[in-house]
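Colleague: Contents of protein-v8.pdb (PDB, C-alpha atoms and all ligand atoms) are given next:
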ATOM      1  CA  LEU A   1      11.462  -0.170 -79.883
ATOM      2  CA  VAL A   2       8.446   1.809 -81.048
ATOM      3  CA  GLN A   3       6.808  -1.454 -82.099
ATOM      4  CA  LEU A   4       7.278  -2.823 -78.605
ATOM      5  CA  TYR A   5       6.259   0.392 -76.938
ATOM      6  CA  ILE A   6       2.835   0.638 -78.582
ATOM      7  CA  PRO A   7       1.511  -2.756 -77.454
ATOM      8  CA  LEU A   8       3.018  -2.258 -74.003
ATOM      9  CA  ASN A   9       1.403   1.119 -73.756
ATOM     10  CA  PHE A  10      -1.887  -0.373 -74.894
ATOM     11  CA  MET A  11      -1.616  -3.162 -72.350
ATOM     12  CA  GLY A  12      -0.913  -0.569 -69.704
ATOM     13  CA  MET A  13      -4.105   1.245 -70.654
ATOM     14  CA  LEU A  14      -6.047  -1.987 -70.717
ATOM     15  CA  TYR A  15      -4.714  -2.980 -67.317
ATOM     16  CA  ARG A  16      -5.711   0.392 -65.938
ATOM     17  CA  GLU A  17      -9.191   0.112 -67.424
ATOM     18  CA  ILE A  18      -9.705  -3.369 -66.039
ATOM     19  CA  LYS A  19      -8.428  -2.281 -62.660
ATOM     20  CA  GLN A  20     -10.711   0.739 -62.792
ATOM     21  CA  ALA A  21     -13.674  -1.467 -63.711
ATOM     22  CA  LEU A  22     -12.952  -3.829 -60.852
ATOM     23  CA  ILE A  23     -12.637  -0.963 -58.444
ATOM     24  CA  ASP A  24     -15.859   0.543 -59.742
ATOM     25  CA  ILE A  25     -17.693  -2.695 -59.087
ATOM     26  CA  ASP A  26     -16.125  -2.941 -55.669
ATOM     27  CA  ASP A  27     -16.948   0.663 -55.023
ATOM     28  CA  MET A  28     -20.565   0.366 -56.039
ATOM     29  CA  PHE A  29     -21.441  -2.834 -54.251
ATOM     30  CA  LYS A  30     -19.339  -2.569 -51.136
ATOM     31  CA  VAL A  31     -18.844   1.100 -50.496
ATOM     32  CA  LEU A  32     -21.969   2.612 -51.924
ATOM     33  CA  GLU A  33     -24.480  -0.197 -51.469
ATOM     34  CA  ARG A  34     -25.532  -0.090 -55.085
ATOM     35  CA  ASN A  35     -28.684  -1.874 -56.032
ATOM     36  CA  PRO A  36     -27.841  -3.861 -59.188
ATOM     37  CA  GLU A  37     -31.537  -4.154 -60.082
ATOM     38  CA  ILE A  38     -31.652  -0.535 -61.188
ATOM     39  CA  GLU A  39     -30.898  -0.309 -64.875
ATOM     40  CA  ASP A  40     -30.808   2.449 -67.438
ATOM     41  CA  LYS A  41     -34.018   2.830 -69.437
ATOM     42  CA  PRO A  42     -33.550   1.819 -73.096
ATOM     43  CA  ASP A  43     -33.905   5.451 -74.185
ATOM     44  CA  ALA A  44     -31.862   6.893 -71.279
ATOM     45  CA  ARG A  45     -29.854   9.963 -72.214
ATOM     46  CA  PRO A  46     -26.800  11.450 -70.533
ATOM     47  CA  LEU A  47     -27.570  13.956 -67.803
ATOM     48  CA  HIS A  48     -27.016  17.416 -69.156
ATOM     49  CA  ILE A  49     -25.858  19.765 -66.407
ATOM     50  CA  THR A  50     -26.637  23.423 -67.000
ATOM     51  CA  GLN A  51     -26.657  24.921 -63.499
ATOM     52  CA  GLY A  52     -26.693  22.022 -61.041
ATOM     53  CA  ILE A  53     -30.120  22.542 -59.452
ATOM     54  CA  VAL A  54     -31.226  19.546 -57.355
ATOM     55  CA  ARG A  55     -34.916  19.090 -56.652
ATOM     56  CA  PHE A  56     -36.848  16.507 -54.620
ATOM     57  CA  GLU A  57     -40.583  16.520 -55.384
ATOM     58  CA  ASP A  58     -42.831  14.766 -52.876
ATOM     59  CA  VAL A  59     -40.469  11.787 -52.601
ATOM     60  CA  HIS A  60     -41.732   8.678 -50.826
ATOM     61  CA  PHE A  61     -39.489   5.701 -50.226
ATOM     62  CA  ALA A  62     -39.418   2.370 -48.385
ATOM     63  CA  TYR A  63     -36.637  -0.244 -48.222
ATOM     64  CA  ASN A  64     -39.331  -2.737 -47.188
ATOM     65  CA  PRO A  65     -42.983  -2.278 -48.138
ATOM     66  CA  GLU A  66     -44.132  -2.473 -44.510
ATOM     67  CA  ARG A  67     -42.108   0.535 -43.371
ATOM     68  CA  GLU A  68     -42.034   3.853 -45.185
ATOM     69  CA  ILE A  69     -38.767   5.740 -44.584
ATOM     70  CA  LEU A  70     -39.390   8.956 -46.546
ATOM     71  CA  LYS A  71     -42.916  10.300 -46.406
ATOM     72  CA  GLY A  72     -43.210  13.038 -48.987
ATOM     73  CA  VAL A  73     -39.931  14.961 -48.966
ATOM     74  CA  SER A  74     -39.709  18.112 -51.114
ATOM     75  CA  PHE A  75     -36.868  20.601 -51.315
ATOM     76  CA  GLU A  76     -34.712  22.377 -53.846
ATOM     77  CA  VAL A  77     -31.020  23.141 -53.687
ATOM     78  CA  PRO A  78     -30.429  26.172 -55.919
ATOM     79  CA  ALA A  79     -27.316  26.158 -58.095
ATOM     80  CA  GLY A  80     -24.149  26.623 -56.079
ATOM     81  CA  GLN A  81     -25.928  26.729 -52.712
ATOM     82  CA  THR A  82     -25.559  24.504 -49.674
ATOM     83  CA  ILE A  83     -28.429  22.733 -47.976
ATOM     84  CA  ALA A  84     -27.873  20.804 -44.778
ATOM     85  CA  ILE A  85     -30.088  17.964 -43.650
ATOM     86  CA  VAL A  86     -30.186  17.331 -39.934
ATOM     87  CA  GLY A  87     -32.327  15.215 -37.671
ATOM     88  CA  PRO A  88     -32.234  12.291 -35.266
ATOM     89  CA  SER A  89     -30.528   9.017 -36.107
ATOM     90  CA  GLY A  90     -32.686   6.929 -38.416
ATOM     91  CA  ALA A  91     -34.673   9.932 -39.679
ATOM     92  CA  GLY A  92     -33.743   9.090 -43.302
ATOM     93  CA  LYS A  93     -30.915  11.571 -43.963
ATOM     94  CA  SER A  94     -28.496   9.179 -45.677
ATOM     95  CA  THR A  95     -31.399   7.609 -47.562
ATOM     96  CA  ILE A  96     -31.841  10.963 -49.317
ATOM     97  CA  SER A  97     -28.249  10.815 -50.594
ATOM     98  CA  ARG A  98     -28.692   7.181 -51.717
ATOM     99  CA  LEU A  99     -31.776   8.174 -53.715
ATOM    100  CA  LEU A 100     -29.927  11.089 -55.299
ATOM    101  CA  PHE A 101     -27.307   8.614 -56.562
ATOM    102  CA  ARG A 102     -30.165   6.383 -57.690
ATOM    103  CA  PHE A 103     -28.995   3.403 -55.681
ATOM    104  CA  TYR A 104     -32.691   3.085 -54.949
ATOM    105  CA  GLU A 105     -35.801   4.465 -56.657
ATOM    106  CA  PRO A 106     -38.503   6.490 -54.918
ATOM    107  CA  SER A 107     -41.815   4.630 -54.596
ATOM    108  CA  SER A 108     -43.444   7.872 -55.730
ATOM    109  CA  GLY A 109     -42.364  11.438 -56.406
ATOM    110  CA  ARG A 110     -39.459  12.628 -58.521
ATOM    111  CA  ILE A 111     -35.840  13.680 -58.138
ATOM    112  CA  LEU A 112     -34.648  16.174 -60.722
ATOM    113  CA  ILE A 113     -31.285  17.648 -61.619
ATOM    114  CA  ASP A 114     -31.580  20.685 -63.871
ATOM    115  CA  GLY A 115     -35.137  19.641 -64.688
ATOM    116  CA  GLN A 116     -34.210  16.095 -65.748
ATOM    117  CA  ASP A 117     -35.724  13.203 -63.805
ATOM    118  CA  ILE A 118     -32.717  11.174 -62.650
ATOM    119  CA  SER A 119     -34.564   7.929 -63.432
ATOM    120  CA  ASP A 120     -34.525   8.918 -67.145
ATOM    121  CA  VAL A 121     -30.796   9.567 -67.446
ATOM    122  CA  GLN A 122     -27.829   7.239 -67.845
ATOM    123  CA  GLN A 123     -26.565   6.237 -64.409
ATOM    124  CA  ALA A 124     -22.927   6.671 -65.393
ATOM    125  CA  SER A 125     -23.558  10.310 -66.293
ATOM    126  CA  LEU A 126     -25.449  10.867 -63.038
ATOM    127  CA  ARG A 127     -22.601   9.463 -60.916
ATOM    128  CA  LYS A 128     -20.096  11.502 -62.879
ATOM    129  CA  ALA A 129     -21.968  14.686 -62.000
ATOM    130  CA  ILE A 130     -22.144  13.964 -58.273
ATOM    131  CA  GLY A 131     -19.184  13.921 -55.937
ATOM    132  CA  MET A 132     -19.490  12.148 -52.640
ATOM    133  CA  VAL A 133     -17.458  12.548 -49.486
ATOM    134  CA  PRO A 134     -18.748   9.588 -47.492
ATOM    135  CA  GLN A 135     -18.805   9.130 -43.718
ATOM    136  CA  ASP A 136     -16.259   6.406 -43.894
ATOM    137  CA  THR A 137     -13.940   6.338 -46.870
ATOM    138  CA  VAL A 138     -12.617   2.988 -47.953
ATOM    139  CA  LEU A 139      -9.090   3.222 -49.301
ATOM    140  CA  PHE A 140      -7.859   0.961 -52.053
ATOM    141  CA  ASN A 141      -4.852  -1.251 -51.384
ATOM    142  CA  ASP A 142      -2.579   0.906 -53.456
ATOM    143  CA  THR A 143      -0.477   4.023 -52.985
ATOM    144  CA  ILE A 144      -1.870   7.174 -51.406
ATOM    145  CA  GLY A 145      -1.249   8.940 -54.730
ATOM    146  CA  TYR A 146      -3.420   6.365 -56.513
ATOM    147  CA  ASN A 147      -6.128   6.883 -53.921
ATOM    148  CA  VAL A 148      -6.241  10.616 -54.677
ATOM    149  CA  GLN A 149      -5.824  10.140 -58.445
ATOM    150  CA  TYR A 150      -8.932   7.918 -58.392
ATOM    151  CA  GLY A 151     -10.903  11.183 -58.525
ATOM    152  CA  ARG A 152      -9.764  11.736 -62.117
ATOM    153  CA  TRP A 153      -7.437   9.433 -64.008
ATOM    154  CA  ASP A 154      -6.223  11.975 -66.511
ATOM    155  CA  ALA A 155      -5.233  14.541 -63.869
ATOM    156  CA  ALA A 156      -1.594  15.582 -64.039
ATOM    157  CA  ALA A 157       0.701  14.983 -61.051
ATOM    158  CA  GLU A 158       0.618  18.706 -60.307
ATOM    159  CA  GLU A 159      -3.180  18.682 -60.157
ATOM    160  CA  VAL A 160      -3.090  15.721 -57.758
ATOM    161  CA  LYS A 161      -0.735  17.661 -55.513
ATOM    162  CA  GLU A 162      -2.865  20.783 -55.691
ATOM    163  CA  ALA A 163      -5.969  18.768 -54.723
ATOM    164  CA  ALA A 164      -4.070  17.269 -51.788
ATOM    165  CA  ARG A 165      -3.008  20.751 -50.735
ATOM    166  CA  LEU A 166      -6.551  22.101 -50.870
ATOM    167  CA  ALA A 167      -7.768  19.098 -48.884
ATOM    168  CA  GLN A 168      -5.034  19.755 -46.296
ATOM    169  CA  ILE A 169      -3.513  16.302 -46.658
ATOM    170  CA  ASP A 170      -0.326  17.356 -48.503
ATOM    171  CA  ARG A 171       1.775  17.933 -45.392
ATOM    172  CA  PHE A 172       0.793  14.537 -44.028
ATOM    173  CA  ILE A 173       1.782  12.914 -47.350
ATOM    174  CA  GLY A 174       5.067  14.825 -47.230
ATOM    175  CA  TYR A 175       5.936  13.134 -43.931
ATOM    176  CA  LEU A 176       5.236   9.607 -45.240
ATOM    177  CA  PRO A 177       8.302   7.456 -45.927
ATOM    178  CA  GLU A 178       7.658   7.196 -49.665
ATOM    179  CA  GLY A 179       5.455  10.275 -50.102
ATOM    180  CA  TYR A 180       2.769   9.730 -52.745
ATOM    181  CA  GLU A 181       4.124   6.249 -53.406
ATOM    182  CA  THR A 182       3.404   5.029 -49.860
ATOM    183  CA  PRO A 183       1.075   2.006 -49.863
ATOM    184  CA  VAL A 184      -2.098   2.534 -47.813
ATOM    185  CA  GLY A 185      -5.292   0.619 -47.083
ATOM    186  CA  GLU A 186      -5.753  -2.713 -45.336
ATOM    187  CA  ARG A 187      -2.429  -4.038 -46.605
ATOM    188  CA  GLY A 188      -0.515  -0.784 -46.237
ATOM    189  CA  LEU A 189      -0.386   2.115 -43.866
ATOM    190  CA  LYS A 190      -3.614   2.505 -41.927
ATOM    191  CA  LEU A 191      -4.909   6.055 -41.914
ATOM    192  CA  SER A 192      -7.068   7.665 -39.239
ATOM    193  CA  GLY A 193     -10.691   8.591 -39.925
ATOM    194  CA  GLY A 194      -9.775  12.241 -40.428
ATOM    195  CA  GLU A 195      -6.913  11.427 -42.809
ATOM    196  CA  LYS A 196      -9.099   9.117 -44.859
ATOM    197  CA  GLN A 197     -11.755  11.780 -45.073
ATOM    198  CA  ARG A 198      -9.212  14.277 -46.350
ATOM    199  CA  VAL A 199      -8.113  11.774 -49.022
ATOM    200  CA  ALA A 200     -11.797  11.577 -50.040
ATOM    201  CA  ILE A 201     -11.970  15.373 -50.167
ATOM    202  CA  ALA A 202      -8.834  15.539 -52.344
ATOM    203  CA  ARG A 203     -10.355  12.949 -54.697
ATOM    204  CA  THR A 204     -13.533  14.987 -54.944
ATOM    205  CA  ILE A 205     -11.635  18.224 -55.590
ATOM    206  CA  LEU A 206      -9.860  16.432 -58.436
ATOM    207  CA  LYS A 207     -13.138  15.097 -59.808
ATOM    208  CA  GLY A 208     -14.625  18.612 -59.690
ATOM    209  CA  PRO A 209     -18.302  17.585 -59.820
ATOM    210  CA  PRO A 210     -21.063  20.204 -60.146
ATOM    211  CA  VAL A 211     -23.093  18.522 -57.369
ATOM    212  CA  LEU A 212     -21.625  17.455 -54.065
ATOM    213  CA  VAL A 213     -22.888  15.264 -51.240
ATOM    214  CA  LEU A 214     -21.060  15.434 -47.933
ATOM    215  CA  ASP A 215     -21.991  12.741 -45.469
ATOM    216  CA  GLU A 216     -20.445  14.003 -42.301
ATOM    217  CA  ALA A 217     -18.667  11.565 -40.018
ATOM    218  CA  THR A 218     -20.566  10.701 -36.856
ATOM    219  CA  SER A 219     -17.427   9.740 -35.032
ATOM    220  CA  ALA A 220     -15.911  12.546 -33.024
ATOM    221  CA  LEU A 221     -12.726  14.008 -34.448
ATOM    222  CA  ASP A 222     -10.423  16.098 -32.316
ATOM    223  CA  SER A 223     -11.178  19.791 -32.666
ATOM    224  CA  PHE A 224      -8.007  20.577 -34.641
ATOM    225  CA  THR A 225      -8.736  17.865 -37.229
ATOM    226  CA  GLU A 226     -12.367  18.891 -37.320
ATOM    227  CA  LYS A 227     -11.402  22.480 -38.123
ATOM    228  CA  GLU A 228      -8.987  21.345 -40.863
ATOM    229  CA  ILE A 229     -11.612  19.103 -42.409
ATOM    230  CA  GLN A 230     -14.237  21.793 -42.165
ATOM    231  CA  ASP A 231     -11.955  24.246 -43.989
ATOM    232  CA  ALA A 232     -11.276  21.668 -46.691
ATOM    233  CA  LEU A 233     -14.990  20.916 -47.053
ATOM    234  CA  ASP A 234     -15.851  24.606 -47.253
ATOM    235  CA  ARG A 235     -13.319  24.955 -50.030
ATOM    236  CA  VAL A 236     -14.603  21.998 -52.033
ATOM    237  CA  SER A 237     -18.248  23.051 -51.717
ATOM    238  CA  ARG A 238     -17.689  26.662 -52.790
ATOM    239  CA  GLY A 239     -19.629  27.346 -55.981
ATOM    240  CA  ARG A 240     -21.053  23.798 -56.122
ATOM    241  CA  THR A 241     -24.555  22.671 -55.317
ATOM    242  CA  THR A 242     -24.010  20.905 -52.008
ATOM    243  CA  LEU A 243     -26.097  18.634 -49.855
ATOM    244  CA  VAL A 244     -24.638  18.102 -46.391
ATOM    245  CA  ILE A 245     -25.862  15.220 -44.260
ATOM    246  CA  ALA A 246     -24.916  16.712 -40.933
ATOM    247  CA  HIS A 247     -24.443  15.207 -37.507
ATOM    248  CA  ARG A 248     -22.704  18.078 -35.787
ATOM    249  CA  LEU A 249     -24.750  21.247 -36.023
ATOM    250  CA  SER A 250     -21.707  23.453 -35.462
ATOM    251  CA  THR A 251     -20.497  22.625 -38.981
ATOM    252  CA  ILE A 252     -23.576  23.828 -40.852
ATOM    253  CA  ILE A 253     -24.227  27.242 -39.309
ATOM    254  CA  GLY A 254     -23.383  28.880 -42.643
ATOM    255  CA  ALA A 255     -25.652  26.664 -44.806
ATOM    256  CA  ASP A 256     -28.066  28.548 -47.076
ATOM    257  CA  GLU A 257     -30.899  26.398 -45.755
ATOM    258  CA  ILE A 258     -31.186  23.798 -43.020
ATOM    259  CA  ILE A 259     -33.794  21.079 -43.322
ATOM    260  CA  VAL A 260     -34.825  19.210 -40.208
ATOM    261  CA  LEU A 261     -35.939  15.677 -40.969
ATOM    262  CA  ASP A 262     -37.789  13.544 -38.440
ATOM    263  CA  HIS A 263     -39.320  10.123 -39.141
ATOM    264  CA  GLY A 264     -38.997  10.730 -42.884
ATOM    265  CA  GLN A 265     -40.710  14.103 -42.915
ATOM    266  CA  ILE A 266     -39.439  17.659 -43.057
ATOM    267  CA  VAL A 267     -40.549  19.213 -39.784
ATOM    268  CA  GLU A 268     -38.677  22.527 -39.993
ATOM    269  CA  ARG A 269     -36.608  24.494 -42.478
ATOM    270  CA  GLY A 270     -34.758  27.787 -42.461
ATOM    271  CA  THR A 271     -31.402  29.362 -41.726
ATOM    272  CA  HIS A 272     -29.501  28.702 -38.507
ATOM    273  CA  THR A 273     -30.491  32.027 -36.943
ATOM    274  CA  GLY A 274     -34.078  31.758 -38.150
ATOM    275  CA  LEU A 275     -34.475  28.258 -36.742
ATOM    276  CA  LEU A 276     -32.897  29.211 -33.413
ATOM    277  CA  ALA A 277     -35.258  32.176 -33.134
ATOM    278  CA  SER A 278     -38.312  30.020 -33.812
ATOM    279  CA  GLY A 279     -37.414  27.851 -30.808
ATOM    280  CA  GLY A 280     -38.502  24.506 -32.301
ATOM    281  CA  VAL A 281     -36.889  21.099 -32.866
ATOM    282  CA  TYR A 282     -33.672  22.560 -34.305
ATOM    283  CA  ALA A 283     -33.236  24.985 -31.407
ATOM    284  CA  ALA A 284     -33.713  22.097 -28.972
ATOM    285  CA  MET A 285     -31.138  19.975 -30.848
ATOM    286  CA  TRP A 286     -28.723  22.911 -30.844
ATOM    287  CA  ASN A 287     -29.093  23.473 -27.108
ATOM    288  CA  ARG A 288     -28.644  19.766 -26.372
ATOM    289  CA  GLN A 289     -25.445  19.635 -28.453
ATOM    290  CA  ARG A 290     -24.111  22.774 -26.772
ATOM    291  CA  GLU A 291     -24.770  21.327 -23.330
ATOM    292  CA  ALA A 292     -23.117  18.034 -24.263
ATOM    293  CA  GLU A 293     -20.075  19.930 -25.571
ATOM    294  CA  LYS A 294     -19.889  22.016 -22.395
ATOM    295  CA  ALA A 295     -20.133  18.894 -20.230
ATOM    296  CA  ARG A 296     -17.328  17.258 -22.247
ATOM    297  CA  GLU A 297     -15.143  20.338 -21.855
ATOM    298  CA  THR A 298     -15.744  20.499 -18.085
ATOM    299  CA  LEU A 299     -14.926  16.800 -17.780
ATOM    300  CA  LYS A 300     -11.725  17.273 -19.793
ATOM    301  CA  ARG A 301     -10.698  20.244 -17.630
ATOM    302  CA  THR A 302     -11.290  18.363 -14.382
ATOM    303  CA  GLU A 303      -9.338  15.380 -15.715
ATOM    304  CA  GLU A 304      -6.460  17.681 -16.677
ATOM    305  CA  GLU A 305      -6.484  19.313 -13.239
ATOM    306  CA  GLU A 306      -6.396  15.983 -11.422
TER     307      GLU A 306
HETATM  308  P1  LIG A 401     -27.924   8.332 -38.989
HETATM  309  O1  LIG A 401     -27.938   9.740 -38.500
HETATM  310  O2  LIG A 401     -27.893   7.355 -37.851
HETATM  311  O3  LIG A 401     -26.877   8.040 -40.035
HETATM  312  P2  LIG A 401     -30.046   8.575 -40.998
HETATM  313  O4  LIG A 401     -31.015   9.660 -40.683
HETATM  314  O5  LIG A 401     -29.024   8.855 -42.032
HETATM  315  O6  LIG A 401     -29.389   8.057 -39.665
HETATM  316  P3  LIG A 401     -30.846   6.402 -42.747
HETATM  317  O7  LIG A 401     -29.521   5.754 -42.867
HETATM  318  O8  LIG A 401     -31.357   7.176 -43.897
HETATM  319  O9  LIG A 401     -30.919   7.301 -41.431
HETATM  320  O10 LIG A 401     -31.899   5.272 -42.377
HETATM  321  C1  LIG A 401     -33.285   5.523 -42.192
HETATM  322  C2  LIG A 401     -33.961   4.246 -41.743
HETATM  323  O11 LIG A 401     -33.875   3.279 -42.790
HETATM  324  C3  LIG A 401     -33.347   3.621 -40.512
HETATM  325  O12 LIG A 401     -34.380   3.188 -39.671
HETATM  326  C4  LIG A 401     -32.578   2.442 -41.048
HETATM  327  O13 LIG A 401     -32.584   1.391 -40.121
HETATM  328  C5  LIG A 401     -33.352   2.058 -42.289
HETATM  329  N1  LIG A 401     -32.460   1.495 -43.323
HETATM  330  C6  LIG A 401     -31.324   2.067 -43.785
HETATM  331  N2  LIG A 401     -30.771   1.309 -44.752
HETATM  332  C7  LIG A 401     -31.574   0.220 -44.896
HETATM  333  C8  LIG A 401     -31.543  -0.932 -45.745
HETATM  334  N3  LIG A 401     -30.569  -1.122 -46.636
HETATM  335  N4  LIG A 401     -32.539  -1.842 -45.611
HETATM  336  C9  LIG A 401     -33.540  -1.649 -44.712
HETATM  337  N5  LIG A 401     -33.631  -0.583 -43.884
HETATM  338  C10 LIG A 401     -32.659   0.344 -43.973
END
Could I get this file's structure written as C-alpha cells?

Modeller:
Amino acid sequence: LVQLYIPLNFMGMLYREIKQALIDIDDMFKVLERNPEIEDKPDARPLHITQGIVRFEDVHFAYNPEREILKGVSFEVPAGQTIAIVGPSGAGKSTISRLLFRFYEPSSGRILIDGQDISDVQQASLRKAIGMVPQDTVLFNDTIGYNVQYGRWDAAAEEVKEAARLAQIDRFIGYLPEGYETPVGERGLKLSGGEKQRVAIARTILKGPPVLVLDEATSALDSFTEKEIQDALDRVSRGRTTLVIAHRLSTIIGADEIIVLDHGQIVERGTHTGLLASGGVYAAMWNRQREAEKARETLKRTEEEE
C-alpha cells in the first residue's frame, strides 16, 4: 500500500503543480495583462524585503511612443503606511500599479522596493512580495475553498477559514449548499462583485504579502457591502505598505498620504484634511462626489415616498 501511496501522492503533487502553472499563466496573461517581453536579467537576484518601502523616482511611461501616460511621477510609501492615488479617469492610476508589478517598464526613472530597483530582481520574487486586490476578480472554475486557498497552497484548512472570516466572506460560504466545496466561477455559482472582491481579500490575507495594492472597484456597491469590504480592506492593509488606487474618496480619508494624479502628473499631495483646507483639485473632487451622493440619496428618498 505504501508503494502505491508514494507514486499517487507524487502524482497528486505534480497535478497540483501543473494546475498551478496553468493558472499562473492564465492569471498573468488574462487577469493581469502581463507583458511576456519582460524577462529577468541574467544576474537577477531575489527581492530581499527588509521593511517594504516602495519608491517611485521620476517615473516616465508610455504604452505607445506617441503618448506619454506618466510624466515624471515620484513618491514614497513608507513601511507599513497607506498611500492613496486619486484622480480623473485615464489619469494613469492603474498604470502605476502595473509598473509596480513590472508588467511594463518605465521609459525612464526607477521603481525601488527597499532600495532595490525592481528591474534588477527576479520577477517571481517581486510578485510574491506584492498582494493585489484587483477591481474585478476573476474566479477559477473550481470550489470557493480552492479560490481562497490560491493565496497560499500550504495554508491549513483552519488558516483558510480564518482568512475568510477576516475578509467577511465566511458567513456567505456557510450558507452555500456545499460550503467550501461549492463550485464557483463561470461554470459554477456566480458571485456578485462584492463577494468576488471579498474572496480576493481572503486570498491576499492568506498570502500575507509585505506590500499591498488595492485597486478599488469603480462599480457602485450597496452601502452595506461597501462598509463590509472597507472593514476587510482596512484589516488586510494594517501594518503593510499599501497603495490604494481609489475611485471613491470616502474610502481613503484615513490614508497617510493622498496623491492626486492628473494627466500623468502629481498635481497635489497631502492628507485628507490638508487637501480639503487647501481648496484645490482634491477639494473640488470631494465636493462633487458629496453633491452626487446627496443627489442620489434625495432621488432614492423621493422614489421610496412615491
Ligand atoms: P480609471 O480611473 O478609469 O481606471 P486610470 O487613472 O487608472 O483610469 P489607466 O488605466 O492608468 O488610468 O490608463 C491611463 C491611460 O493609459 C488611459 O488613457 C488609457 O486609455 C491608456 N491605457 C491603459 N492601458 C493601455 C494599454 N494597454 N495600451 C494603450 N493605452 C493604454

Colleague: As JSON, numbers by chain, please: the residues near A:Leu112 (cut-off 7 Å, only C-alpha atoms, same-chain neighbours under 3 positions excluded).

Modeller: {"A": [54, 55, 56, 115, 116, 117, 118]}

Colleague: Nearest to A:Thr242 among A:Asn141, A:Thr82, A:Ser278, A:Thr302, with distances taken over only C-alpha atoms: which residue is it?

Modeller: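 With only C-alpha atoms as the atom set, the closest residue is A:Thr82.
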
Colleague: Write out as a VMD selection string the residues lying within 6 Å of stretch 182-194 of chain A, counting all atoms listed in the file and excluding same-chain residues fewer than 5 positions away.

Modeller: chain A and resid 139 to 144

Colleague: At a cut-off of 10 Å, can you tabulate as a tab-separated table every residue of chain A near ligand LIG 401 (chain A) together with its closest atom pair and the distance in Å to one decimal, using all atoms listed in the file and ordering rows by chain then number?

Modeller:
residue	atom	partner	partner_atom	distance
A:Glu33	CA	A:LIG401	N3	7.8
A:Arg34	CA	A:LIG401	N3	9.9
A:Asn35	CA	A:LIG401	N3	9.6
A:Phe61	CA	A:LIG401	O11	9.6
A:Ala62	CA	A:LIG401	N5	7.9
A:Tyr63	CA	A:LIG401	C9	4.9
A:Asn64	CA	A:LIG401	C9	6.4
A:Arg67	CA	A:LIG401	N5	8.6
A:Glu68	CA	A:LIG401	O11	8.5
A:Ile69	CA	A:LIG401	O11	5.8
A:Leu70	CA	A:LIG401	C1	8.2
A:Ile85	CA	A:LIG401	O4	8.9
A:Val86	CA	A:LIG401	O4	7.8
A:Gly87	CA	A:LIG401	O4	6.5
A:Pro88	CA	A:LIG401	O1	6.0
A:Ser89	CA	A:LIG401	O2	3.6
A:Gly90	CA	A:LIG401	O9	3.5
A:Ala91	CA	A:LIG401	O4	3.8
A:Gly92	CA	A:LIG401	O8	3.1
A:Lys93	CA	A:LIG401	O4	3.8
A:Ser94	CA	A:LIG401	O5	3.7
A:Thr95	CA	A:LIG401	O8	3.7
A:Ile96	CA	A:LIG401	O8	6.6
A:Ser97	CA	A:LIG401	O8	8.2
A:Arg98	CA	A:LIG401	O8	8.3
A:Leu99	CA	A:LIG401	O8	9.9
A:Tyr104	CA	A:LIG401	N3	9.6
A:Gln135	CA	A:LIG401	O3	8.9
A:Asp215	CA	A:LIG401	O3	8.7
A:Glu216	CA	A:LIG401	O3	9.1
A:Ala217	CA	A:LIG401	O3	8.9
A:Thr218	CA	A:LIG401	O3	7.6
A:Ile245	CA	A:LIG401	O5	7.4
A:Ala246	CA	A:LIG401	O1	8.0
A:His247	CA	A:LIG401	O1	6.6
A:Leu261	CA	A:LIG401	O4	7.8
A:Asp262	CA	A:LIG401	O4	8.1
A:His263	CA	A:LIG401	C1	8.2
A:Gly264	CA	A:LIG401	C1	7.8

Colleague: When you count all atoms listed in the file, which of these residues is closest to A:Gly151: A:Arg165, A:Arg238, A:Lys196, A:Lys207?

Modeller: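 The shortest atom-to-atom distance to A:Gly151 comes from A:Lys207.
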
Colleague: For each of A:Phe101, A:Tyr175, A:Tyr150, A:Tyr282, take the minimum atom-to-atom distance to A:Val267, counting only C-alpha atoms, then give the residue where this is smallest.

Modeller: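 Answer, going by the shortest atom-to-atom distance: A:Tyr282.
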
Colleague: Run the PyMOL selection byres (((chain A and resi 166-169) around 12) and not hetatm) mentally over the shown coordinates, then write out the matched residues as a PyMOL selection string, using the chain letters and numbers from the document.

Modeller: chain A and resi 133+144-145+148+159-165+170-176+179-180+191-192+194-206+225-237

Colleague: Return the single residue from A:Thr271, A:Ser74, A:Gln265, A:Gln289 that is closest to A:Ser250, with distances computed using only C-alpha atoms.

Modeller: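 Smallest distance to A:Ser250 is found for A:Gln289.
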
Colleague: Return as a PyMOL selection string the set of residues that the PyMOL selection byres (((chain A and resi 126) around 12) and not hetatm) yields on the displayed structure.

Modeller: chain A and resi 40+44-49+52+54+99-103+111-114+116-125+127-131+209-212

Colleague: From the options A:Tyr146, A:Arg301, A:Asp136, A:Ala84, which residue's atoms come nearest to A:His272, counting all atoms listed in the file?

Modeller: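 When distances to A:His272 are compared using all atoms listed in the file, the smallest one comes from A:Ala84.
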
Colleague: Can you list, as a PyMOL selection string, every protein, DNA or RNA residue that comes within 8 Å of A:Arg269 when you count only C-alpha atoms, leaving out same-chain residues fewer than 5 positions away?

Modeller: chain A and resi 257-260+275

Colleague: State, in Å with one decimal place, the distance from atom CA of A:Ile252 to atom CA of A:Leu299.

Modeller: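 Pair atom CA of A:Ile252 / atom CA of A:Leu299 returns 25.6 Å.
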